[in-house]
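Asks: Provided below: data_13.txt, containing compact mmCIF, C-alpha atoms.
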# COMPACT_ATOMS: atom_id res chain seq x y z
CA MET A 1 -53.08 77.75 112.73
CA GLU A 2 -53.50 81.15 111.17
CA LYS A 3 -51.02 81.97 108.42
CA GLY A 4 -48.87 85.02 108.89
CA ARG A 5 -46.24 86.27 111.22
CA VAL A 6 -44.88 83.98 113.94
CA ILE A 7 -42.53 84.97 116.78
CA ILE A 8 -40.66 82.81 119.27
CA VAL A 9 -39.93 84.65 122.53
CA GLY A 10 -36.81 83.35 124.26
CA ASN A 11 -35.78 83.55 127.91
CA SER A 12 -32.54 85.53 127.65
CA PRO A 13 -32.34 88.50 130.04
CA ASN A 14 -31.40 90.68 127.05
CA ILE A 15 -35.11 90.87 126.20
CA LEU A 16 -35.65 92.91 129.38
CA GLN A 17 -33.54 95.77 128.00
CA HIS A 18 -36.44 96.99 125.83
CA LYS A 19 -40.18 97.48 126.33
CA ASN A 20 -41.42 95.60 123.26
CA GLY A 21 -44.28 93.57 124.75
CA HIS A 22 -46.91 95.47 122.75
CA LEU A 23 -45.04 94.72 119.50
CA ILE A 24 -44.68 91.02 120.34
CA ASP A 25 -48.42 90.76 121.09
CA LYS A 26 -49.25 92.02 117.56
CA TYR A 27 -47.92 88.80 115.95
CA ASN A 28 -50.44 86.30 114.57
CA THR A 29 -48.79 83.50 116.58
CA VAL A 30 -46.67 83.96 119.72
CA ILE A 31 -44.61 80.99 120.89
CA ARG A 32 -43.03 81.15 124.33
CA LEU A 33 -40.44 78.95 126.02
CA GLY A 34 -41.02 77.35 129.39
CA ASN A 35 -43.44 79.82 130.93
CA THR A 36 -45.15 83.19 130.82
CA ASN A 37 -44.61 85.93 133.39
CA ASP A 38 -46.88 88.91 134.09
CA LYS A 39 -44.06 90.69 135.91
CA TYR A 40 -42.26 91.30 132.60
CA CYS A 41 -45.26 91.81 130.27
CA ILE A 42 -44.10 95.31 129.27
CA HIS A 43 -40.95 93.65 127.89
CA ILE A 44 -42.16 90.24 126.69
CA GLY A 45 -45.88 90.75 126.09
CA VAL A 46 -48.78 88.70 127.39
CA LYS A 47 -50.11 86.86 124.34
CA THR A 48 -49.24 83.16 124.24
CA ASP A 49 -50.60 80.89 121.52
CA ILE A 50 -48.10 78.05 121.98
CA LEU A 51 -45.91 77.16 124.93
CA CYS A 52 -42.82 75.10 124.19
CA THR A 53 -42.04 73.16 127.35
CA ARG A 54 -40.82 69.86 128.68
CA TRP A 55 -43.49 69.34 131.35
CA VAL A 56 -47.17 70.24 131.12
CA ARG A 57 -48.00 69.47 134.73
CA CYS A 58 -45.73 72.09 136.35
CA PRO A 59 -47.55 74.23 138.94
CA HIS A 60 -46.37 77.50 137.33
CA ILE A 61 -47.77 76.73 133.85
CA ASP A 62 -50.58 79.06 132.74
CA THR A 63 -53.69 76.88 132.61
CA ASN A 64 -55.24 79.06 129.86
CA ILE A 65 -52.70 77.90 127.27
CA ARG A 66 -54.26 75.28 125.03
CA THR A 67 -51.34 74.26 122.76
CA PHE A 68 -48.07 72.83 124.02
CA TRP A 69 -45.00 71.89 121.99
CA PHE A 70 -42.45 69.35 123.18
CA PRO A 71 -39.02 69.51 121.49
CA TYR A 72 -38.49 65.76 121.25
CA PRO A 73 -40.29 62.78 119.74
CA PRO A 74 -43.28 61.48 121.76
CA GLN A 75 -41.63 58.24 122.84
CA LYS A 76 -38.94 60.11 124.86
CA PHE A 77 -41.21 61.58 127.57
CA GLU A 78 -44.79 60.78 126.65
CA PRO A 79 -45.72 59.06 129.97
CA GLU A 80 -45.01 62.26 131.94
CA ASN A 81 -47.08 64.32 129.51
CA ALA A 82 -50.10 62.10 129.08
CA SER A 83 -53.12 63.75 127.47
CA ILE A 84 -54.96 66.54 129.25
CA ALA A 85 -58.53 67.26 128.13
CA GLY A 86 -58.81 70.20 125.74
CA VAL A 87 -55.06 70.64 125.33
CA LYS A 88 -53.29 70.08 122.01
CA MET A 89 -49.88 68.45 122.47
CA VAL A 90 -47.47 68.60 119.54
CA TYR A 91 -44.20 66.69 119.52
CA MET A 92 -41.13 67.21 117.35
CA THR A 93 -40.99 64.79 114.45
CA PRO A 94 -38.44 61.99 114.79
CA ASP A 95 -36.77 63.17 111.54
CA THR A 96 -36.25 66.69 112.89
CA PHE A 97 -34.97 65.35 116.20
CA THR A 98 -32.52 63.05 114.38
CA ASP A 99 -31.35 65.95 112.19
CA ILE A 100 -30.63 68.09 115.27
CA TRP A 101 -28.94 65.14 116.97
CA GLU A 102 -26.66 64.57 113.99
CA ARG A 103 -25.89 68.27 113.40
CA LEU A 104 -24.93 68.95 117.00
CA LYS A 105 -23.57 65.57 118.00
CA ILE A 106 -25.81 65.88 121.04
CA GLY A 107 -24.96 62.36 122.14
CA LYS A 108 -21.46 63.55 123.06
CA MET A 109 -22.36 66.75 124.93
CA GLY A 110 -25.97 66.45 126.01
CA SER A 111 -29.15 64.52 125.49
CA ILE A 112 -31.84 66.87 124.19
CA PRO A 113 -32.12 70.18 122.31
CA THR A 114 -32.90 73.31 124.31
CA LEU A 115 -36.41 74.72 124.18
CA GLY A 116 -35.00 77.52 122.01
CA LEU A 117 -33.60 75.44 119.17
CA GLY A 118 -36.39 72.90 119.56
CA SER A 119 -39.09 75.54 119.13
CA ILE A 120 -37.31 77.11 116.14
CA ARG A 121 -37.05 73.78 114.33
CA MET A 122 -40.67 72.89 115.15
CA ALA A 123 -41.85 76.31 113.90
CA LEU A 124 -39.96 75.80 110.64
CA ASP A 125 -41.64 72.38 110.23
CA ILE A 126 -45.15 73.56 111.12
CA PHE A 127 -45.22 77.13 109.75
CA LYS A 128 -43.53 76.32 106.42
CA ASP A 129 -44.96 79.28 104.51
CA ASP A 130 -44.80 81.85 107.29
CA ILE A 131 -42.19 84.32 108.48
CA VAL A 132 -40.63 83.03 111.72
CA ASP A 133 -39.03 85.69 113.89
CA ILE A 134 -37.14 85.13 117.13
CA THR A 135 -36.36 87.50 120.00
CA GLY A 136 -34.92 87.09 123.48
CA PHE A 137 -32.21 84.62 122.42
CA THR A 138 -28.54 85.02 123.40
CA LEU A 139 -26.46 83.86 120.45
CA ASP A 140 -23.14 85.53 121.22
CA ILE A 141 -21.05 82.87 122.95
CA PHE A 142 -18.96 85.64 124.54
CA ASP A 143 -22.03 87.28 126.11
CA THR A 144 -22.11 86.87 129.90
CA TYR A 145 -25.75 85.68 129.77
CA PHE A 146 -24.73 82.92 127.39
CA SER A 147 -21.75 81.72 129.38
CA LYS A 148 -23.70 81.67 132.65
CA GLY A 149 -26.80 80.11 131.10
CA GLU A 150 -28.96 82.81 132.71
CA TYR A 151 -32.65 83.30 132.00
CA TRP A 152 -35.20 85.91 133.07
CA ASP A 153 -37.60 83.07 133.86
CA ILE A 154 -36.51 81.90 137.32
CA ASN A 155 -38.53 78.71 136.84
CA CYS A 156 -36.47 77.81 133.77
CA LYS A 157 -34.40 74.72 134.45
CA ARG A 158 -30.71 75.26 134.08
CA ASP A 159 -29.72 71.81 132.82
CA ASN A 160 -27.19 73.28 130.43
CA GLU A 161 -24.86 70.32 130.77
CA ARG A 162 -27.51 68.35 128.87
CA HIS A 163 -27.19 70.64 125.84
CA ASN A 164 -24.59 71.62 123.27
CA LEU A 165 -25.12 75.38 123.74
CA VAL A 166 -22.29 76.49 121.46
CA GLY A 167 -23.43 74.13 118.72
CA GLU A 168 -27.02 75.32 119.09
CA ALA A 169 -26.00 79.00 118.87
CA LEU A 170 -24.07 78.21 115.69
CA GLU A 171 -27.03 76.27 114.27
CA ILE A 172 -29.40 79.19 114.96
CA LYS A 173 -26.92 81.57 113.32
CA ARG A 174 -26.84 79.23 110.29
CA LEU A 175 -30.64 79.42 110.07
CA LEU A 176 -30.43 83.23 110.30
CA ARG A 177 -27.81 83.40 107.53
CA ASN A 178 -29.93 81.16 105.31
CA ASN A 179 -32.97 83.44 105.89
CA ARG A 180 -34.98 80.62 107.47
CA ILE A 181 -35.62 82.82 110.53
CA ARG A 182 -35.13 86.49 111.44
CA TYR A 183 -33.88 87.99 114.70
CA LYS A 184 -36.10 90.87 115.86
CA TYR A 185 -34.53 93.59 117.94
CA PHE A 186 -37.55 95.81 117.17
Could you rewrite the structure in this file as structure tokens?
Replies:
Amino acid sequence: MEKGRVIIVGNSPNILQHKNGHLIDKYNTVIRLGNTNDKYCIHIGVKTDILCTRWVRCPHIDTNIRTFWFPYPPQKFEPENASIAGVKMVYMTPDTFTDIWERLKIGKMGSIPTLGLGSIRMALDIFKDDIVDITGFTLDIFDTYFSKGEYWDINCKRDNERHNLVGEALEIKRLLRNNRIRYKYF
């Protein structure tokens, strides 16, 4: 992967408040969560280098994307995501997954990290020397988007009972405070 600036584009509706798609597309590497959507390209851009998802064989997945990230170790869901010719599939390392599990006590409140936190942790593992920015994430637990678990992507699964959303927001804020990632409002 090319060294340089990396951005992770989240699915929070707050990203639709600004027309920053052209700025997002200027990044060296654009990572998206769950899906792309031409309807919102003026807001979210069109460039997608990596798609962080749970299922590669969904009918709404853009078939031009050649790299997929899965935010869990391969043994958790590998049969459903068996190899597809010409597609690079990257799984979260077991050590990173265990670290998230222990930090958030996911076993008590859910079973897997969200695509958002999963993609952030994978980016920090893979792009160690690069700047990792995030946008389109709702981190304010008092925000109505956060409390309702709403996303602009209507195909995004809303299995929020499987996640520790408050713990994940706090973990992302910890990474922001420690300058591991930056939030881009543009």
Asks: For A:Thr36, which residue out of A:Ile24, A:Ile65, A:Thr96, A:Lys105 is the nearest one, using only C-alpha atoms?
Replies: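 Using only C-alpha atoms, A:Thr36 sits closest to A:Ile65.
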Asks: Using atom CA of A:Met89 and atom CA of A:Lys184 as the two end points, give the distance in Å to one decimal.
Replies: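 Interatomic distance, atom CA of A:Met89 to atom CA of A:Lys184: 27.1 Å.
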Asks: Taking only C-alpha atoms into account, which of A:Leu115, A:Ala123, A:Leu104, A:Ile8 comes nearest A:Glu171?
Replies: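 Closest residue, counting only C-alpha atoms: A:Leu104.
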Asks: Could you list as a compact mmCIF listing (two decimals) with C-alpha atoms, in the coordinates of the input every residue that has an atom within 6 Å of (-38.4, 78.2, 122.6), using the file's coordinates and counting all atoms listed in the file?
Replies:
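point_8.txt was written with the following content:
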# COMPACT_ATOMS: atom_id res chain seq x y z
CA GLY A 10 -36.81 83.35 124.26
CA ARG A 32 -43.03 81.15 124.33
CA LEU A 33 -40.44 78.95 126.02
CA CYS A 52 -42.82 75.10 124.19
CA LEU A 115 -36.41 74.72 124.18
CA GLY A 116 -35.00 77.52 122.01
CA SER A 119 -39.09 75.54 119.13
Asks: Atom CA of A:Pro94 to atom CA of A:Lys47: how many Å, to one decimal?
Replies: 29.1 Å
Asks: Could you check which of A:Leu16, A:Val90, A:Ile31, A:Met122 is closest to A:Val46, using all atoms listed in the file?
Replies: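 Of A:Leu16, A:Val90, A:Ile31, A:Met122, the one nearest A:Val46 is A:Ile31, counting all atoms listed in the file.
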Asks: What does the distance between atom CA of A:Thr135 and atom CA of A:Tyr183 come to in Å, to one decimal place?
Replies: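 Straight-line distance from atom CA of A:Thr135 to atom CA of A:Tyr183 works out to 5.9 Å.
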Asks: Taking all listed atoms of stretch 31-43 of chain A, build the axis-aligned box, pad each of the six sides by 3 Å, then write its centre and edge lengths in Å to one decimal as lines of an AutoDock Vina configuration file.
Replies:
center_x = -43.7
center_y = 86.3
center_z = 128.4
size_x = 12.4
size_y = 24.0
size_z = 21.0
Asks: Which neighbours of A:Leu23 fall inside 9 Å, counting all atoms listed in the file, when residues of the same chain fewer than 5 positions from it are skipped, and could you give them as a PyMOL selection string?
Replies: chain A and resi 44-45+186
Asks: For A:Asp133, please output as number ranges by chain all residues within 10 Å (counting all atoms listed in the file; exclusion window: fewer than 6 positions along the same chain).
Replies: A: 5-9, 27, 30, 120, 123, 176, 180-185
Asks: Hey, which of A:Ile42, A:Pro13, A:Asn28, A:Asp95 ends up closest to A:Val132? Count only C-alpha atoms.
Replies: A:Asn28
Asks: Neighbours of A:Ala169 within 9 Å (all atoms listed in the file; same-chain residues fewer than 5 positions away dropped), as a VMD selection string?
Replies: chain A and resid 117 138 to 141 164 174
Asks: Restricting the output to C-alpha atoms, write the selected residues as a compact mmCIF listing (two decimals), in the frame of the given file.
Replies:
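The resulting file, out.txt, is reproduced below:
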# COMPACT_ATOMS: atom_id res chain seq x y z
CA LEU A 117 -33.60 75.44 119.17
CA THR A 138 -28.54 85.02 123.40
CA LEU A 139 -26.46 83.86 120.45
CA ASP A 140 -23.14 85.53 121.22
CA ILE A 141 -21.05 82.87 122.95
CA ASN A 164 -24.59 71.62 123.27
CA ARG A 174 -26.84 79.23 110.29
Asks: Which is closer to A:Phe97 than all the others in A:Pro71, A:Thr114, A:Gln17, A:Ile134, using all atoms listed in the file?
Replies: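 Closest residue, counting all atoms listed in the file: A:Pro71.
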Asks: Restricting the calculation to all atoms listed in the file, which member of A:Tyr91, A:Leu51, A:Pro113, A:Gly21 is positioned closest to A:Asp38?
Replies: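 With all atoms listed in the file as the atom set, the closest residue is A:Gly21.
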